[in-house]
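See structure below.
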Amino acid sequence: MSFPRVSVAVVAIAALLAAGCGSSDEEQSGPPKLRVATIGVSGAAAMVLGVSKGIFTEAGLDVQVVPAEAPAVIPSVVGGQAEIGFLNAPAVLLARSNGVPVTAISSTSSNPADPAQNFIQLQVAADSPIRTPKELEGKTIAVDTLYQLPDVSIRNALQASGVDVAKVKFTELPFASMADALKSGKVDATNPAEPFVALGLAGGARNLLSDSVGQTTTMPQSVFLSSAKYVSSNRATIDKFRTALTKACEYAQAHPDELRAVLPTYTKVPAALAGTIRLPVYTTTADAAGWQKWADILTQQKIAKKPIELDGAYLR
């Protein structure tokens with residue numbers, strides 16, 4: 001299979017325009033200001049909660065959560081509109097394989113041990129005749145952004161379930177539009193992340209396959225990233241962010257009710273559903289083998305044109 005690289009080309013252009021953007025630690029006065037481009041999904045909740053609890057302020061940082069759509073996160077970071085972005089591990093690796101100078105500064109979530117509890121699920125309509133993953137061959141699945149999570153993870157899960165992924169059509173559709181598209185029959189299946197999994201179930205969908213099938217629990221999922229240039233010039237600030245994020249993840253894991261309460265403040269999940277959605281494991285721990293597994297998946301699926309070099313892809 002060969003895939004279009006339009007979005008990657010846009011990112012690369014933005015990277016070229018970004019030369020000289022950003023200030024170093026030495027040039028700033030007062031607490032460093034960090035704009036964090038963040039998509040409205042549950043994976044970012046630990047960071048958002050940490051901001052509201054003052055954890056990042058205590059670390060000497062002025063963090064602003066900036067709403068963003070997934071395709072815009074990397075362009076905003078390399079273009080200087082945000083210092084940090086929230087996305088996922090495969091997106092960072094794929095960008096780097098196409099020459100875009102970004103670095104994952106920290107993981108922020110991993111998969112739960114039980115795939116049924118994973119916060120990303122492939123869904124079909126309640127009355128759909130599709131009962132097994134194999135029956136998705138010849139069908140259309142809606143994903144939020146091609147060649148990032150959840151797209152990459154569901155391709156891997158389908159392959160691990162014996163599906164010929166080359167026979168499945170994938171189309172881009174925002175998470176917020178998936179439930180309606182499934183109801184109307186525009187697509188045969190959707191692949192939402194929480195809180196949209198819960199919204200889909202509330203609207204009559206049913207879960208067919210967890211995205212975590214075929215993965216390990218040590219593989220990084222959601223990550224925070226920055227431009228290589230910003231990391232190089234502002235390593236002290238990045239280290240403060242990493243330390244605060246670890247505390248925020250630990251706090252989130254210990255206080256799930258508080259974490260669920262913050263979800264409606266930056267996502268479209270109603271407060272009534274916030275208490276029931278599946279949550280990832282909030283952690284900044286991810287091993288080298290997990291990063292290598294993602295690199296292998298991207299190469300095996302021919303999403304990446306060549307083997308991915310992991311040196312510099314993420315901070316250890």
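Chain labels run A, B, ... following the order of the structure tokens; each chain numbers its residues from 1, and ligands are numbered from 1 in the order shown.
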
Determine, counting only C-alpha atoms, which protein, DNA and RNA residues have an atom within 7 Å of an atom of Pro195 of chain A; residues of the same chain fewer than 2 positions away are not included. Present the result as a PyMOL selection string. chain A and resi 41-42+193+197-199+269+277

Convert the current residue selection to file output with C-alpha atoms, as a PDB file, in the first residue's frame.
```pdb
ATOM      1  CA  VAL A  41      -9.668  13.551  24.427  1.00  0.00           C
ATOM      2  CA  SER A  42      -9.245  11.813  27.762  1.00  0.00           C
ATOM      3  CA  ALA A 193     -11.163   7.615  21.572  1.00  0.00           C
ATOM      4  CA  VAL A 197     -16.408   5.908  22.866  1.00  0.00           C
ATOM      5  CA  ALA A 198     -18.936   6.601  25.627  1.00  0.00           C
ATOM      6  CA  LEU A 199     -20.870   8.996  23.412  1.00  0.00           C
ATOM      7  CA  VAL A 269     -18.266  14.852  27.040  1.00  0.00           C
ATOM      8  CA  ILE A 277     -15.900   6.585  30.321  1.00  0.00           C
TER       9      ILE A 277
END
```

Need to verify the contact set: Val63 of chain A, 12 Å, only C-alpha atoms, exclusion of same-chain residues closer than 4 positions in sequence. Can you return it as a PyMOL selection string? chain A and resi 31-38+47-59+82-85+237-238+240-241+244-245

Output file for the selection above: N, CA, C and O atoms, as a compact mmCIF listing (two decimals), in the first residue's frame:
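Here's the written file again-v8.txt:
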```txt
# COMPACT_ATOMS: atom_id res chain seq x y z
N PRO A 31 8.06 33.31 34.95
CA PRO A 31 7.86 31.89 34.66
C PRO A 31 7.74 31.66 33.15
O PRO A 31 7.05 32.42 32.46
N PRO A 32 8.40 30.65 32.62
CA PRO A 32 8.28 30.36 31.19
C PRO A 32 6.82 30.10 30.81
O PRO A 32 6.11 29.38 31.50
N LYS A 33 6.39 30.70 29.72
CA LYS A 33 5.02 30.51 29.23
C LYS A 33 5.00 29.38 28.21
O LYS A 33 5.74 29.41 27.24
N LEU A 34 4.17 28.40 28.46
CA LEU A 34 4.07 27.25 27.57
C LEU A 34 2.65 27.11 27.06
O LEU A 34 1.71 26.85 27.82
N ARG A 35 2.48 27.32 25.76
CA ARG A 35 1.20 27.05 25.12
C ARG A 35 1.21 25.58 24.71
O ARG A 35 2.09 25.16 23.96
N VAL A 36 0.23 24.82 25.19
CA VAL A 36 0.18 23.38 24.92
C VAL A 36 -1.01 23.10 24.01
O VAL A 36 -2.17 23.14 24.45
N ALA A 37 -0.76 22.83 22.74
CA ALA A 37 -1.82 22.49 21.78
C ALA A 37 -2.39 21.13 22.15
O ALA A 37 -1.68 20.12 22.10
N THR A 38 -3.68 21.10 22.51
CA THR A 38 -4.27 19.91 23.12
C THR A 38 -5.58 19.54 22.44
O THR A 38 -6.47 20.38 22.29
N MET A 47 -2.77 16.10 32.40
CA MET A 47 -2.12 17.40 32.27
C MET A 47 -3.09 18.53 32.60
O MET A 47 -2.76 19.46 33.34
N VAL A 48 -4.31 18.44 32.06
CA VAL A 48 -5.31 19.49 32.31
C VAL A 48 -5.62 19.57 33.80
O VAL A 48 -5.72 20.66 34.38
N LEU A 49 -5.77 18.42 34.45
CA LEU A 49 -6.01 18.40 35.89
C LEU A 49 -4.83 19.00 36.63
O LEU A 49 -5.00 19.78 37.59
N GLY A 50 -3.61 18.65 36.18
CA GLY A 50 -2.42 19.20 36.83
C GLY A 50 -2.34 20.71 36.73
O GLY A 50 -1.93 21.39 37.69
N VAL A 51 -2.77 21.26 35.61
CA VAL A 51 -2.80 22.72 35.46
C VAL A 51 -3.81 23.32 36.43
O VAL A 51 -3.51 24.30 37.12
N SER A 52 -4.99 22.72 36.52
CA SER A 52 -6.03 23.26 37.40
C SER A 52 -5.65 23.14 38.88
O SER A 52 -6.07 23.96 39.70
N LYS A 53 -4.85 22.13 39.22
CA LYS A 53 -4.43 21.94 40.61
C LYS A 53 -3.19 22.75 40.97
O LYS A 53 -2.72 22.72 42.11
N GLY A 54 -2.62 23.47 40.00
CA GLY A 54 -1.46 24.29 40.28
C GLY A 54 -0.14 23.55 40.27
O GLY A 54 0.89 24.11 40.69
N ILE A 55 -0.13 22.31 39.79
CA ILE A 55 1.10 21.52 39.81
C ILE A 55 2.16 22.14 38.91
O ILE A 55 3.35 22.18 39.26
N PHE A 56 1.75 22.63 37.75
CA PHE A 56 2.73 23.24 36.83
C PHE A 56 3.16 24.62 37.32
O PHE A 56 4.31 25.01 37.13
N THR A 57 2.25 25.33 37.97
CA THR A 57 2.62 26.62 38.56
C THR A 57 3.66 26.42 39.64
O THR A 57 4.65 27.19 39.73
N GLU A 58 3.47 25.42 40.47
CA GLU A 58 4.44 25.12 41.53
C GLU A 58 5.80 24.75 40.95
O GLU A 58 6.84 24.96 41.60
N ALA A 59 5.81 24.23 39.72
CA ALA A 59 7.07 23.88 39.06
C ALA A 59 7.72 25.09 38.40
O ALA A 59 8.80 24.97 37.80
N ALA A 82 2.70 27.09 19.24
CA ALA A 82 2.66 26.43 20.55
C ALA A 82 4.05 25.90 20.85
O ALA A 82 4.79 25.53 19.94
N GLU A 83 4.40 25.89 22.12
CA GLU A 83 5.71 25.36 22.51
C GLU A 83 5.66 23.84 22.65
O GLU A 83 6.67 23.16 22.42
N ILE A 84 4.51 23.32 23.05
CA ILE A 84 4.33 21.89 23.30
C ILE A 84 3.02 21.45 22.68
O ILE A 84 2.07 22.24 22.58
N GLY A 85 2.96 20.22 22.24
CA GLY A 85 1.73 19.67 21.69
C GLY A 85 1.40 18.33 22.31
O GLY A 85 2.30 17.62 22.79
N THR A 237 13.36 24.30 30.86
CA THR A 237 11.90 24.44 30.88
C THR A 237 11.23 23.11 30.58
O THR A 237 10.25 22.72 31.23
N ILE A 238 11.75 22.40 29.59
CA ILE A 238 11.20 21.10 29.24
C ILE A 238 11.31 20.14 30.42
O ILE A 238 10.38 19.37 30.72
N LYS A 240 11.34 20.90 33.58
CA LYS A 240 10.34 21.30 34.57
C LYS A 240 8.96 20.75 34.18
O LYS A 240 8.21 20.28 35.02
N PHE A 241 8.65 20.84 32.90
CA PHE A 241 7.37 20.34 32.42
C PHE A 241 7.28 18.83 32.64
O PHE A 241 6.25 18.31 33.10
N ALA A 244 6.73 18.07 36.34
CA ALA A 244 5.36 18.41 36.74
C ALA A 244 4.36 17.42 36.15
O ALA A 244 3.38 17.04 36.80
N LEU A 245 4.60 16.99 34.92
CA LEU A 245 3.69 16.04 34.28
C LEU A 245 3.68 14.71 35.02
O LEU A 245 2.62 14.10 35.19
```

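Distance check against Ala179 of chain A using only C-alpha atoms: of A:Gln123, A:Thr218, A:Ser212, A:Ser97, the minimum falls on A:Gln123.
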
List every residue of segment 196-241 of chain A that has an atom at most 10 Å from any atom of segment 291-314 of chain A, giving for each one its closest atom pair and the distance in Å to one decimal, counting only C-alpha atoms, sorted by chain and then by ascending residue number, as a tab-separated table.
```
residue	atom	partner	partner_atom	distance
A:Gln215	CA	A:Lys293	CA	8.4
A:Thr216	CA	A:Lys293	CA	9.0
A:Thr218	CA	A:Trp291	CA	9.0
A:Met219	CA	A:Trp291	CA	6.4
A:Pro220	CA	A:Trp291	CA	6.8
A:Gln221	CA	A:Trp291	CA	9.7
A:Val223	CA	A:Tyr314	CA	9.7
A:Phe224	CA	A:Tyr314	CA	9.8
A:Leu225	CA	A:Tyr314	CA	8.4
A:Ser226	CA	A:Tyr314	CA	9.9
A:Ala228	CA	A:Gly312	CA	8.5
```

Go ahead and save the residues from that selection, with N, CA and C atoms, as an mmCIF file, in the first residue's frame.
```cif
data_model
loop_
_atom_site.group_PDB
_atom_site.id
_atom_site.type_symbol
_atom_site.label_atom_id
_atom_site.label_comp_id
_atom_site.auth_asym_id
_atom_site.auth_seq_id
_atom_site.Cartn_x
_atom_site.Cartn_y
_atom_site.Cartn_z
ATOM 1 N N GLN A 215 -0.913 -5.165 21.119
ATOM 2 C CA GLN A 215 0.052 -4.276 21.740
ATOM 3 C C GLN A 215 0.462 -4.815 23.113
ATOM 4 N N THR A 216 1.471 -4.159 23.689
ATOM 5 C CA THR A 216 1.865 -4.437 25.069
ATOM 6 C C THR A 216 1.463 -3.239 25.924
ATOM 7 N N THR A 218 3.381 -1.634 27.806
ATOM 8 C CA THR A 218 4.504 -0.701 27.981
ATOM 9 C C THR A 218 4.709 0.189 26.760
ATOM 10 N N MET A 219 3.867 0.048 25.752
ATOM 11 C CA MET A 219 3.991 0.905 24.579
ATOM 12 C C MET A 219 3.412 2.287 24.877
ATOM 13 N N PRO A 220 4.140 3.359 24.562
ATOM 14 C CA PRO A 220 3.603 4.705 24.802
ATOM 15 C C PRO A 220 2.391 4.958 23.923
ATOM 16 N N GLN A 221 1.412 5.636 24.453
ATOM 17 C CA GLN A 221 0.209 5.983 23.698
ATOM 18 C C GLN A 221 0.197 7.498 23.471
ATOM 19 N N VAL A 223 1.342 11.226 24.002
ATOM 20 C CA VAL A 223 2.621 11.825 24.371
ATOM 21 C C VAL A 223 2.536 13.335 24.233
ATOM 22 N N PHE A 224 3.471 14.008 24.877
ATOM 23 C CA PHE A 224 3.668 15.436 24.642
ATOM 24 C C PHE A 224 4.937 15.593 23.820
ATOM 25 N N LEU A 225 4.901 16.519 22.897
ATOM 26 C CA LEU A 225 6.016 16.705 21.978
ATOM 27 C C LEU A 225 6.364 18.177 21.853
ATOM 28 N N SER A 226 7.541 18.421 21.339
ATOM 29 C CA SER A 226 7.975 19.789 21.065
ATOM 30 C C SER A 226 8.888 19.751 19.850
ATOM 31 N N ALA A 228 12.392 20.042 17.972
ATOM 32 C CA ALA A 228 13.757 19.744 18.392
ATOM 33 C C ALA A 228 14.497 21.026 18.747
#
```

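If you look at atom CA of Asp151 of chain A and atom CA of Glu258 of chain A, they are 29.6 Å away from each other.
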
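Nearest residue to Val231 of chain A, choosing from A:Pro256, A:Asp211, A:Val78, A:Ala46 and counting only C-alpha atoms: A:Val78.
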
Pro174 of chain A: which residues within 10 Å, counting only C-alpha atoms, same-chain residues fewer than 2 positions away excluded, as an MDAnalysis selection string? chainID A and resid 69:70 142:145 172 176:178 192

Please give the complete set of residues from segment 114-231 of chain A that DSSP, run on the backbone, assigns to helix (DSSP H, G or I), formatted as a ChimeraX atom specification. /A:115-117,133-136,151-160,165-167,175-184,196-202,228-231

So that I can see what lies close to Lys186 of chain A, please list as a PDB file with C-alpha atoms, in the first residue's frame the residues with an atom at most 10 Å from it, counting only C-alpha atoms and leaving out residues fewer than 4 positions away in the same chain.
```pdb
ATOM      1  CA  THR A 140     -15.183   1.495   5.523  1.00  0.00           C
ATOM      2  CA  ILE A 141     -13.834   2.578   8.917  1.00  0.00           C
ATOM      3  CA  ALA A 142     -13.787   6.219  10.028  1.00  0.00           C
ATOM      4  CA  MET A 178     -18.455   9.631  14.100  1.00  0.00           C
ATOM      5  CA  ASP A 180     -23.855  10.440  13.407  1.00  0.00           C
ATOM      6  CA  ALA A 181     -21.926   8.920  10.489  1.00  0.00           C
ATOM      7  CA  LEU A 182     -22.410   5.463  11.979  1.00  0.00           C
TER       8      LEU A 182
END
```
